[in-house]
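Visitor: Below you will find the structure I want to go over with you.
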Number of protein chains: 2
Amino acid sequence: MLPLENVKVLDLTRVLSGPYATMILADMGADVLKIEMPKIGDDSRAYGPFINGESAYFMSINRNKRSMTLNLKTEEGKEILRKLIKEADVIVENYKPGTMEKLGFGYEEIKKMNDRIIYAACSGFGHSGPYSKRPAYDAIVQAMGGIMSITGPESGEPIRVGASIGDIIAGIFTAVGILTALYNREKTGKGQKIDVAMLDCQVAILENAIARYLVSGEIPKPIGNRHPSITPFETFDTKDDKIMIAIGNDRLWAKFCSMVGREELINDERFVTNQLRTKNHKEIKEVVSEILKAETADYWLERFDKEDIPATRINTIDKVVSNPQVLARDMIVSVDHPVVGDFKMAGIPVKLSETPGEIRKPAPVLGEDTEDVLANVLGYSKDEIEQLREKGVI
Amino acid sequence: MLPLENVKVLDLTRVLSGPYATMILADMGADVLKIEMPKIGDDSRAYGPFINGESAYFMSINRNKRSMTLNLKTEEGKEILRKLIKEADVIVENYKPGTMEKLGFGYEEIKKMNDRIIYAACSGFGHSGPYSKRPAYDAIVQAMGGIMSITGPESGEPIRVGASIGDIIAGIFTAVGILTALYNREKTGKGQKIDVAMLDCQVAILENAIARYLVSGEIPKPIGNRHPSITPFETFDTKDDKIMIAIGNDRLWAKFCSMVGREELINDERFVTNQLRTKNHKEIKEVVSEILKAETADYWLERFDKEDIPATRINTIDKVVSNPQVLARDMIVSVDHPVVGDFKMAGIPVKLSETPGEIRKPAPVLGEDTEDVLANVLGYSKDEIEQLREKGVI
């Protein structure tokens with residue numbers, strides 16, 4: 001059994017934030033039916049890189065879903081969507097606020113068709129507030145939401161996080177909202193609307209930066225790879241490669257000093273507590289750098305490992321996808337795609353013991369399930385389906 | 001009604017990843033009872049900045065929870081925990097794998113006490129695999145998991161994301177697992193174990209970096225604030241301040257060129273498609289920079305807003321907490337703390353229409369609810385409670 005077996009999700013999302021949310025549900029066994037514009041489909045089907053003409057970008061985040069084409073600008077397309085809404089548990093969209101209303105499928109309309117449905121909207125700025133109707137992209141919410149202002153080289157320029165966490169974190173929170181509403185519906189029998197904004201999610205992950213600013217009045221700035229309040233907790237050069245070390249407390253500091261044969265540093269008055277080490281982070285950086293430069297990364301990592309001092313190389317993606325722990329945890333998985341053949345992507349990070357999620361099928365080719373749904377769920381005849389196709393409805 | 005009303009969570013977590021997960025549940029109305037070591041409590045109670053001796057760090061991520069002290073190294077402490085486990089729906093911990101087993105509370109033991117319980121473990125590397133028992137911190141999984149290798153200035157050093165997304169994303173996925181298992185339990189009547197690893201979660205958010213590497217064989221590198229496949233989609237200097245612009249398609253590019261009175265650029269053969277603009281990103285950066293440097297950030301942002309071209313300043317934290325959209329969405333909220341007074345923190349990013357989450361109370365002071373739980377839930381007498389306190393059990 002899959003944990004979300006029999007949960008029917010109508011997926012009107014495109015590109016990244018919404019598809020990431022519905023991927024989480026699909027991985028857990030929900031039946032996710034992706035509604036796509038005939039001939040074009042999800043915009044990200046056009047994003048490279050491509051394998052045999054199929055987008056690797058699209059395939060990475062649409063596994064386990066089915067695909068049906070439907071032109072929602074036609075009356076017949078709308079009629080088919082209304083029928084599907086009556087059968088669905090969840091509907092998810094990531095249009096700019098107002099788009100669903102224009103199509104005739106605002107939450108108030110949808111609720112009239114099915115009051116048990118859970119309607120989840122994931123947008124740049126949310127369905128309320130002065131910026132609500134503004135267009136947004138990942139880079140905009142990363143810049144507006146503060147994370148860029150605390151990411152970057154010490155005293156340097158603010159830097160965008162290299163993965164689209166503006167979209168992805170909103171996608172995960174949208175899944176949190178849907179799951180919460182599904183659980184609640186078991187108690188009340190009623191659905192509801194979920195409104196998740198990418199900007200809100202950026203604010204929600206700022207961690208102690210907000211508290212630091214509100215308490216001290218000092219505006220947090222990029223500080224490179226250092227931690228703002230733990231030291232030494234950053235990257236260092238060795239003889240050949242950089243490593244990250246994370247000495248989170250006095251005990252680890254003492255262990256480190258002993259390991260490198262520099263016991264006198266344990267009681268050095270500049271470094272004796274974490275607070276002092278953080279205050280004197282420039283001096284400690286010099287001292288530790290000098291020690292670590294004498295040997296290679298391999299040498300140090302082996303010794304750190306023996307002493308249980310947290311340390312690692314800064315893995316590039318090639319090293320990540322071949323890392324023994326990553327592989328042991330099934331975090332790189334293969335599926336067999338009908339057009340592409342063997343395709344690898346990230347696995348499922350939520351591991352359940354009794355009803356685990358599963359990657360059951362590759363991402364669908366455009367409209368793969370259109371006829372199946374029309375014929376077997378909605379009872380359309382072969383002729384009717386052919387006519388819909390000719391009219392460009394599907 | 002709150003969406004997770006009557007869901008009882010035993011919270012054995014400390015510092016960030018686990019507490020973030022239980023904060024999500026508490027915000028949605030779960031009754032989260034935080035079990036803390038007598039006198040010391042959650043390690044993060046000792047993390048600055050402080051207000052009237054209370055940790056702002058701790059208060060930011062432990063609102064809506066209750067606190068009970070319990071020394072799990074004493075037999076009486078274990079006995080009390082066993083009683084609480086019998087009453088709980090969910091138990092969450094973020095110890096190093098093996099710690100709960102040593103205390104006598106591994107999942108196999110707990111399941112015997114309550115087979116409906118959902119046991120969620122959030123750890124650095126997970127409960128399986130060769131690195132399972134290694135110590136981890138946010139910086140370690142950010143470095144090992146690949147995100148650092150794609151974050152940083154163009155051709156520069158890899159950079160740690162300035163918020164602890166190694167912890168936070170694992171916390172959100174832990175909440176996803178718990179909610180999935182809660183829903184599933186409504187169908188099966190049975191609980192299960194959830195095993196979330198910080199490293200796994202880092203792999204799960206690498207987005208198209210994995211696909212780009214596996215398809216092309218090229219190792220993705222830091223590229224500053226640019227997007228790897230959309231152009232112009234980066235930061236630019238104006239006369240006075242930097243701004244981020246996100247021109248995601250040809251239509252927006254044409255709009256931009258017209259707006260700045262440079263229509264000839266629309267059909268410039270170097271820039272005519274997004275693919276060409278990305279290929280010629282250095283030239284386009286020069287051209288656009290020259291245009292934008294002529295006026296101030298305010299001037300440009302007003303014009304971009306009128307034209308619906310996505311653009312923004314790179315907000316520092318002071319600007320984030322006073323941003324009109326952030327405030328309109330209740331993403332900065334106040335609570336009245338008994339020791340601290342008015343305290344501000346990030347709000348709830350998941351907005352539900354019918355049973356919204358709520359910030360009902362500030363973070364608990366250490367052991368605030370110990371006596372209430374012992375007397376009113378477990379039926380201990382005043383004398384018995386006094387004895388437990390004298391023995392250091394609570």
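Convention: chains lettered A, B, ... in structure tokens order; per-chain residue numbering from 1; ligands numbered from 1 as shown.
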Please identify which residues in range 10-241 of chain A DSSP calls alpha helix (DSSP H) from the backbone, and express them as JSON, numbers by chain.
Guide: {"A": [17, 18, 19, 20, 21, 22, 23, 24, 25, 26, 27, 56, 57, 58, 59, 60, 61, 75, 76, 77, 78, 79, 80, 81, 82, 83, 84, 85, 86, 87, 99, 100, 101, 102, 103, 107, 108, 109, 110, 111, 112, 113, 138, 139, 140, 141, 142, 143, 144, 165, 166, 167, 168, 169, 170, 171, 172, 173, 174, 175, 176, 177, 178, 179, 180, 181, 182, 183, 184, 185, 186, 187, 188, 198, 199, 200, 201, 202, 203, 204, 208, 209, 210, 211, 212, 213, 214, 215, 216]}
Visitor: Present chain B as a compact mmCIF listing (two decimals) with C-alpha atoms, in the first residue's frame, least-squares fitted onto chain A over all of its C-alpha atoms paired in order.
Guide:
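Okay, selection.txt is ready:
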# COMPACT_ATOMS: atom_id res chain seq x y z
CA MET B 1 0.00 0.00 0.00
CA LEU B 2 1.16 3.53 -0.74
CA PRO B 3 0.49 6.17 1.92
CA LEU B 4 -1.66 8.44 -0.27
CA GLU B 5 -3.29 5.67 -2.26
CA ASN B 6 -6.70 6.66 -3.67
CA VAL B 7 -6.05 10.40 -3.25
CA LYS B 8 -6.95 11.96 -6.60
CA VAL B 9 -5.05 15.12 -7.50
CA LEU B 10 -5.88 17.38 -10.44
CA ASP B 11 -2.64 19.09 -11.31
CA LEU B 12 -2.84 22.38 -13.23
CA THR B 13 0.71 23.42 -12.35
CA ARG B 14 3.62 24.31 -14.58
CA VAL B 15 7.42 24.70 -14.39
CA LEU B 16 8.73 24.22 -10.83
CA SER B 17 6.96 25.25 -7.60
CA GLY B 18 3.60 23.56 -8.26
CA PRO B 19 5.07 20.50 -10.01
CA TYR B 20 7.43 20.02 -7.06
CA ALA B 21 4.42 19.97 -4.69
CA THR B 22 2.51 17.45 -6.78
CA MET B 23 5.66 15.32 -7.18
CA ILE B 24 5.77 14.94 -3.39
CA LEU B 25 2.13 13.76 -3.43
CA ALA B 26 2.70 11.48 -6.43
CA ASP B 27 5.79 9.90 -4.83
CA MET B 28 3.59 9.08 -1.83
CA GLY B 29 1.08 7.32 -4.04
CA ALA B 30 -1.49 9.97 -4.93
CA ASP B 31 -3.00 9.65 -8.41
CA VAL B 32 -1.78 12.92 -9.95
CA LEU B 33 -3.38 13.83 -13.26
CA LYS B 34 -1.47 16.64 -14.92
CA ILE B 35 -3.67 18.83 -17.11
CA GLU B 36 -1.65 20.30 -19.97
CA MET B 37 -2.31 22.58 -22.93
CA PRO B 38 -2.67 20.53 -26.13
CA LYS B 39 0.47 20.45 -28.33
CA ILE B 40 2.51 22.63 -25.90
CA GLY B 41 2.12 21.20 -22.41
CA ASP B 42 3.94 22.35 -19.29
CA ASP B 43 6.31 25.21 -20.30
CA SER B 44 9.20 23.26 -18.82
CA ARG B 45 8.85 20.59 -21.51
CA ALA B 46 10.71 23.19 -23.59
CA TYR B 47 13.56 23.63 -21.07
CA GLY B 48 16.89 21.95 -21.72
CA PRO B 49 18.85 19.82 -21.38
CA PHE B 50 17.12 17.36 -23.73
CA ILE B 51 17.53 13.63 -24.25
CA ASN B 52 16.01 12.29 -27.49
CA GLY B 53 13.89 15.44 -27.58
CA GLU B 54 12.50 15.00 -24.04
CA SER B 55 13.29 17.63 -21.40
CA ALA B 56 15.46 16.28 -18.57
CA TYR B 57 14.24 19.25 -16.51
CA PHE B 58 10.61 18.22 -16.93
CA MET B 59 11.32 14.53 -16.37
CA SER B 60 13.10 15.26 -13.06
CA ILE B 61 10.02 16.67 -11.36
CA ASN B 62 7.08 14.97 -13.05
CA ARG B 63 7.68 11.27 -12.42
CA ASN B 64 4.78 9.22 -11.07
CA LYS B 65 2.24 11.58 -12.70
CA ARG B 66 -0.17 11.02 -15.57
CA SER B 67 -0.75 13.56 -18.34
CA MET B 68 -3.93 14.65 -20.04
CA THR B 69 -4.20 17.44 -22.57
CA LEU B 70 -7.09 19.87 -22.19
CA ASN B 71 -7.59 23.33 -23.66
CA LEU B 72 -9.18 25.28 -20.82
CA LYS B 73 -9.98 28.19 -23.12
CA THR B 74 -12.61 26.11 -24.93
CA GLU B 75 -16.09 25.50 -23.51
CA GLU B 76 -15.74 21.75 -24.00
CA GLY B 77 -12.41 21.79 -22.20
CA LYS B 78 -14.02 23.60 -19.28
CA GLU B 79 -16.84 21.08 -19.22
CA ILE B 80 -14.39 18.18 -18.98
CA LEU B 81 -12.49 19.92 -16.20
CA ARG B 82 -15.75 20.42 -14.28
CA LYS B 83 -16.41 16.69 -14.51
CA LEU B 84 -12.91 15.91 -13.27
CA ILE B 85 -13.26 18.37 -10.38
CA LYS B 86 -16.33 16.49 -9.18
CA GLU B 87 -14.20 13.33 -8.84
CA ALA B 88 -11.08 14.93 -7.33
CA ASP B 89 -9.79 15.21 -3.77
CA VAL B 90 -7.26 17.93 -4.50
CA ILE B 91 -6.70 20.54 -7.20
CA VAL B 92 -3.38 22.38 -7.40
CA GLU B 93 -2.44 25.39 -9.54
CA ASN B 94 0.42 27.88 -9.67
CA TYR B 95 -0.99 30.56 -11.96
CA LYS B 96 -0.74 34.27 -11.25
CA PRO B 97 -3.60 35.11 -8.85
CA GLY B 98 -6.76 35.92 -10.81
CA THR B 99 -6.08 33.53 -13.68
CA MET B 100 -8.28 30.73 -12.37
CA GLU B 101 -11.13 33.21 -11.77
CA LYS B 102 -10.84 34.42 -15.36
CA LEU B 103 -11.13 30.81 -16.57
CA GLY B 104 -14.24 30.37 -14.40
CA PHE B 105 -12.46 28.13 -11.89
CA GLY B 106 -11.86 30.38 -8.89
CA TYR B 107 -12.13 28.63 -5.54
CA GLU B 108 -15.67 29.90 -4.98
CA GLU B 109 -16.78 28.30 -8.25
CA ILE B 110 -14.90 25.07 -7.64
CA LYS B 111 -16.31 24.73 -4.13
CA LYS B 112 -19.80 24.76 -5.63
CA MET B 113 -18.84 21.80 -7.83
CA ASN B 114 -17.24 19.82 -4.97
CA ASP B 115 -17.20 21.06 -1.39
CA ARG B 116 -14.85 18.30 -0.26
CA ILE B 117 -12.13 19.42 -2.66
CA ILE B 118 -8.87 20.87 -1.38
CA TYR B 119 -7.79 23.74 -3.61
CA ALA B 120 -4.11 24.63 -3.36
CA ALA B 121 -2.70 27.76 -4.99
CA CYS B 122 1.04 28.40 -5.08
CA SER B 123 2.01 31.84 -6.40
CA GLY B 124 4.80 34.37 -6.22
CA PHE B 125 3.24 36.77 -3.72
CA GLY B 126 0.03 35.02 -2.64
CA HIS B 127 -3.67 35.73 -3.13
CA SER B 128 -3.73 38.87 -0.96
CA GLY B 129 -1.68 42.00 -0.37
CA PRO B 130 -0.48 44.86 -2.60
CA TYR B 131 1.95 42.77 -4.71
CA SER B 132 -0.48 39.88 -5.23
CA LYS B 133 -0.86 40.28 -8.99
CA ARG B 134 2.79 41.01 -9.72
CA PRO B 135 4.76 38.51 -11.78
CA ALA B 136 7.42 36.59 -9.87
CA TYR B 137 10.27 34.27 -10.59
CA ASP B 138 12.60 32.45 -8.24
CA ALA B 139 15.28 35.15 -8.54
CA ILE B 140 12.78 37.86 -7.61
CA VAL B 141 11.66 36.24 -4.36
CA GLN B 142 15.21 35.26 -3.43
CA ALA B 143 16.21 38.93 -3.86
CA MET B 144 13.12 40.41 -2.21
CA GLY B 145 12.88 37.88 0.62
CA GLY B 146 16.29 38.51 2.17
CA ILE B 147 18.19 35.24 1.63
CA MET B 148 20.46 36.81 -1.01
CA SER B 149 21.41 39.62 1.38
CA ILE B 150 22.92 37.09 3.79
CA THR B 151 24.52 34.82 1.18
CA GLY B 152 27.85 35.62 -0.47
CA PRO B 153 31.57 36.13 0.14
CA GLU B 154 32.54 38.03 3.31
CA SER B 155 32.11 41.77 2.64
CA GLY B 156 31.13 40.90 -0.91
CA GLU B 157 28.13 41.02 -3.19
CA PRO B 158 24.86 39.29 -2.30
CA ILE B 159 24.57 35.96 -4.13
CA ARG B 160 21.56 34.01 -5.41
CA VAL B 161 21.33 30.46 -4.04
CA GLY B 162 22.34 28.24 -6.97
CA ALA B 163 19.22 26.06 -6.85
CA SER B 164 15.75 27.59 -7.22
CA ILE B 165 14.86 27.39 -3.56
CA GLY B 166 12.35 30.22 -4.05
CA ASP B 167 10.23 27.78 -6.04
CA ILE B 168 11.17 24.55 -4.32
CA ILE B 169 10.51 25.58 -0.73
CA ALA B 170 7.14 27.00 -1.78
CA GLY B 171 6.44 23.64 -3.42
CA ILE B 172 7.25 21.72 -0.24
CA PHE B 173 5.10 24.07 1.90
CA THR B 174 2.26 23.66 -0.59
CA ALA B 175 2.48 19.90 -0.01
CA VAL B 176 2.46 20.55 3.76
CA GLY B 177 -0.75 22.57 3.32
CA ILE B 178 -2.44 19.91 1.19
CA LEU B 179 -1.53 17.10 3.61
CA THR B 180 -2.74 19.16 6.57
CA ALA B 181 -6.04 19.83 4.81
CA LEU B 182 -6.40 16.16 3.81
CA TYR B 183 -5.97 15.10 7.43
CA ASN B 184 -8.39 17.77 8.59
CA ARG B 185 -10.95 16.67 6.01
CA GLU B 186 -10.99 13.23 7.62
CA LYS B 187 -12.35 14.99 10.71
CA THR B 188 -14.67 17.59 9.16
CA GLY B 189 -15.60 16.15 5.77
CA LYS B 190 -14.86 19.54 4.22
CA GLY B 191 -12.21 20.86 1.89
CA GLN B 192 -10.61 24.30 1.89
CA LYS B 193 -8.32 26.64 0.00
CA ILE B 194 -4.58 26.75 0.60
CA ASP B 195 -2.70 29.89 -0.42
CA VAL B 196 1.10 29.61 -0.42
CA ALA B 197 3.34 32.45 -1.58
CA MET B 198 6.95 32.03 -2.65
CA LEU B 199 7.85 35.29 -0.90
CA ASP B 200 6.26 34.17 2.39
CA CYS B 201 8.27 30.95 2.26
CA GLN B 202 11.52 32.88 1.84
CA VAL B 203 10.72 34.87 4.99
CA ALA B 204 9.90 31.63 6.83
CA ILE B 205 13.40 30.21 6.23
CA LEU B 206 15.47 33.24 7.28
CA GLU B 207 16.18 31.47 10.57
CA ASN B 208 17.96 33.58 13.15
CA ALA B 209 18.66 36.47 10.75
CA ILE B 210 15.34 38.13 11.66
CA ALA B 211 15.97 37.69 15.40
CA ARG B 212 19.56 38.93 15.09
CA TYR B 213 18.39 42.05 13.30
CA LEU B 214 15.42 42.79 15.56
CA VAL B 215 17.46 42.33 18.74
CA SER B 216 20.66 44.12 17.76
CA GLY B 217 19.51 46.53 15.07
CA GLU B 218 22.49 45.39 12.99
CA ILE B 219 21.68 44.39 9.45
CA PRO B 220 22.99 40.85 8.72
CA LYS B 221 25.40 40.72 5.78
CA PRO B 222 27.04 37.98 3.70
CA ILE B 223 29.82 36.35 5.71
CA GLY B 224 31.17 33.80 3.26
CA ASN B 225 31.21 30.26 4.54
CA ARG B 226 31.44 31.16 8.19
CA HIS B 227 28.59 30.63 10.60
CA PRO B 228 27.44 33.86 12.27
CA SER B 229 27.74 32.43 15.79
CA ILE B 230 29.75 29.15 15.71
CA THR B 231 33.54 29.03 15.12
CA PRO B 232 35.49 27.38 13.51
CA PHE B 233 32.63 26.39 11.27
CA GLU B 234 33.76 27.12 7.71
CA THR B 235 35.87 26.06 4.74
CA PHE B 236 39.65 25.80 4.84
CA ASP B 237 42.30 25.10 2.22
CA THR B 238 44.41 21.98 2.64
CA LYS B 239 47.47 21.10 0.58
CA ASP B 240 45.27 20.14 -2.36
CA ASP B 241 41.55 20.78 -1.84
CA LYS B 242 39.11 22.74 0.28
CA ILE B 243 37.30 21.11 3.18
CA MET B 244 34.43 22.22 5.40
CA ILE B 245 34.80 21.66 9.12
CA ALA B 246 32.08 22.16 11.73
CA ILE B 247 33.43 22.45 15.25
CA GLY B 248 30.18 23.11 17.01
CA ASN B 249 31.27 23.17 20.65
CA ASP B 250 34.20 23.33 23.10
CA ARG B 251 34.53 19.56 23.30
CA LEU B 252 35.08 19.31 19.54
CA TRP B 253 37.53 22.22 19.66
CA ALA B 254 39.60 20.45 22.32
CA LYS B 255 39.49 17.23 20.29
CA PHE B 256 40.65 19.09 17.19
CA CYS B 257 43.54 20.79 18.99
CA SER B 258 44.72 17.47 20.46
CA MET B 259 44.39 15.69 17.15
CA VAL B 260 46.67 18.19 15.40
CA GLY B 261 49.14 18.18 18.31
CA ARG B 262 48.41 21.78 19.31
CA GLU B 263 47.02 21.29 22.84
CA GLU B 264 48.18 24.78 23.81
CA LEU B 265 45.37 26.21 21.69
CA ILE B 266 42.68 24.67 23.90
CA ASN B 267 43.38 27.13 26.66
CA ASP B 268 44.54 29.98 24.45
CA GLU B 269 42.61 32.89 25.93
CA ARG B 270 41.45 34.03 22.48
CA PHE B 271 39.79 30.69 21.74
CA VAL B 272 38.64 29.20 25.01
CA THR B 273 34.86 29.51 24.42
CA ASN B 274 32.77 29.47 21.29
CA GLN B 275 31.85 33.10 21.90
CA LEU B 276 35.54 34.08 22.03
CA ARG B 277 36.33 31.97 18.97
CA THR B 278 33.56 33.72 17.08
CA LYS B 279 34.77 37.13 18.23
CA ASN B 280 38.32 36.24 17.14
CA HIS B 281 37.31 34.44 13.98
CA LYS B 282 40.02 36.11 11.90
CA GLU B 283 42.83 34.91 14.17
CA ILE B 284 41.40 31.42 14.40
CA LYS B 285 41.09 31.24 10.63
CA GLU B 286 44.82 32.03 10.31
CA VAL B 287 45.84 29.49 12.92
CA VAL B 288 43.66 26.67 11.60
CA SER B 289 44.52 27.43 7.96
CA GLU B 290 48.22 27.12 8.68
CA ILE B 291 47.69 23.73 10.31
CA LEU B 292 45.46 22.32 7.57
CA LYS B 293 47.60 23.51 4.66
CA ALA B 294 50.36 21.12 5.72
CA GLU B 295 48.52 17.99 4.56
CA THR B 296 46.05 16.84 1.90
CA ALA B 297 42.25 16.78 2.15
CA ASP B 298 42.24 12.96 2.14
CA TYR B 299 44.70 12.89 5.03
CA TRP B 300 42.62 15.26 7.14
CA LEU B 301 39.25 13.75 6.34
CA GLU B 302 40.42 10.32 7.40
CA ARG B 303 41.71 11.70 10.71
CA PHE B 304 38.61 13.80 11.33
CA ASP B 305 36.43 10.78 10.64
CA LYS B 306 38.31 8.69 13.20
CA GLU B 307 37.86 11.42 15.81
CA ASP B 308 34.18 12.02 14.98
CA ILE B 309 34.87 15.64 14.11
CA PRO B 310 32.35 16.75 11.45
CA ALA B 311 34.19 17.51 8.21
CA THR B 312 33.73 16.98 4.49
CA ARG B 313 34.93 17.92 1.05
CA ILE B 314 32.78 20.42 -0.84
CA ASN B 315 31.26 18.00 -3.28
CA THR B 316 30.57 18.97 -6.85
CA ILE B 317 27.51 17.36 -8.46
CA ASP B 318 29.52 14.48 -10.00
CA LYS B 319 30.72 13.57 -6.48
CA VAL B 320 27.20 13.90 -5.03
CA VAL B 321 25.63 11.47 -7.48
CA SER B 322 28.31 8.85 -6.76
CA ASN B 323 28.54 9.41 -2.98
CA PRO B 324 28.18 6.10 -1.11
CA GLN B 325 25.74 7.50 1.46
CA VAL B 326 23.59 9.16 -1.22
CA LEU B 327 23.47 5.86 -3.12
CA ALA B 328 22.84 3.75 -0.01
CA ARG B 329 19.82 5.92 0.75
CA ASP B 330 18.38 5.55 -2.80
CA MET B 331 18.72 9.26 -3.36
CA ILE B 332 19.74 8.74 -6.98
CA VAL B 333 17.20 6.55 -8.71
CA SER B 334 16.71 5.23 -12.23
CA VAL B 335 13.54 4.90 -14.24
CA ASP B 336 13.09 3.43 -17.65
CA HIS B 337 11.54 6.07 -19.92
CA PRO B 338 9.88 4.89 -23.16
CA VAL B 339 11.61 7.55 -25.28
CA VAL B 340 14.76 8.25 -23.28
CA GLY B 341 15.65 4.86 -21.82
CA ASP B 342 17.39 4.77 -18.45
CA PHE B 343 16.98 8.13 -16.70
CA LYS B 344 18.45 9.10 -13.33
CA MET B 345 17.13 11.67 -10.88
CA ALA B 346 16.91 12.51 -7.17
CA GLY B 347 15.05 9.99 -5.02
CA ILE B 348 12.42 10.43 -2.30
CA PRO B 349 13.79 12.11 0.86
CA VAL B 350 10.89 11.09 3.12
CA LYS B 351 11.39 7.43 4.09
CA LEU B 352 8.35 5.69 5.62
CA SER B 353 8.77 2.24 7.15
CA GLU B 354 5.37 0.63 6.54
CA THR B 355 3.93 2.37 3.50
CA PRO B 356 6.98 3.85 1.77
CA GLY B 357 6.69 6.09 -1.25
CA GLU B 358 7.80 4.67 -4.56
CA ILE B 359 8.96 5.80 -7.98
CA ARG B 360 6.56 3.77 -10.08
CA LYS B 361 6.83 5.37 -13.50
CA PRO B 362 8.75 7.99 -15.44
CA ALA B 363 7.30 11.40 -16.25
CA PRO B 364 4.49 11.11 -18.80
CA VAL B 365 4.86 12.12 -22.40
CA LEU B 366 2.40 14.88 -23.30
CA GLY B 367 -1.18 13.62 -23.21
CA GLU B 368 -0.21 10.03 -22.53
CA ASP B 369 -3.36 9.40 -20.47
CA THR B 370 -5.89 11.63 -22.22
CA GLU B 371 -7.85 8.85 -23.90
CA ASP B 372 -7.73 6.58 -20.89
CA VAL B 373 -9.24 9.26 -18.65
CA LEU B 374 -11.88 10.34 -21.18
CA ALA B 375 -12.95 6.78 -21.98
CA ASN B 376 -12.57 5.00 -18.66
CA VAL B 377 -13.26 7.72 -16.10
CA LEU B 378 -15.66 10.01 -17.92
CA GLY B 379 -17.22 7.49 -20.33
CA TYR B 380 -16.55 9.28 -23.65
CA SER B 381 -16.82 7.15 -26.79
CA LYS B 382 -14.05 6.73 -29.35
CA ASP B 383 -15.87 9.02 -31.76
CA GLU B 384 -16.41 11.72 -29.18
CA ILE B 385 -12.72 11.60 -28.28
CA GLU B 386 -11.78 11.88 -31.93
CA GLN B 387 -13.98 14.95 -32.29
CA LEU B 388 -12.47 16.58 -29.22
CA ARG B 389 -9.04 16.05 -30.74
CA GLU B 390 -10.07 17.54 -34.09
CA LYS B 391 -11.44 20.62 -32.36
CA GLY B 392 -8.20 21.10 -30.42
CA VAL B 393 -9.92 20.55 -27.07
CA ILE B 394 -7.46 17.78 -26.18
Visitor: Write out as a PyMOL selection string all residues of range 188-254 of chain B that backbone DSSP assigns to strand (DSSP E).
Guide: chain B and resi 193-197+233-237+242-246
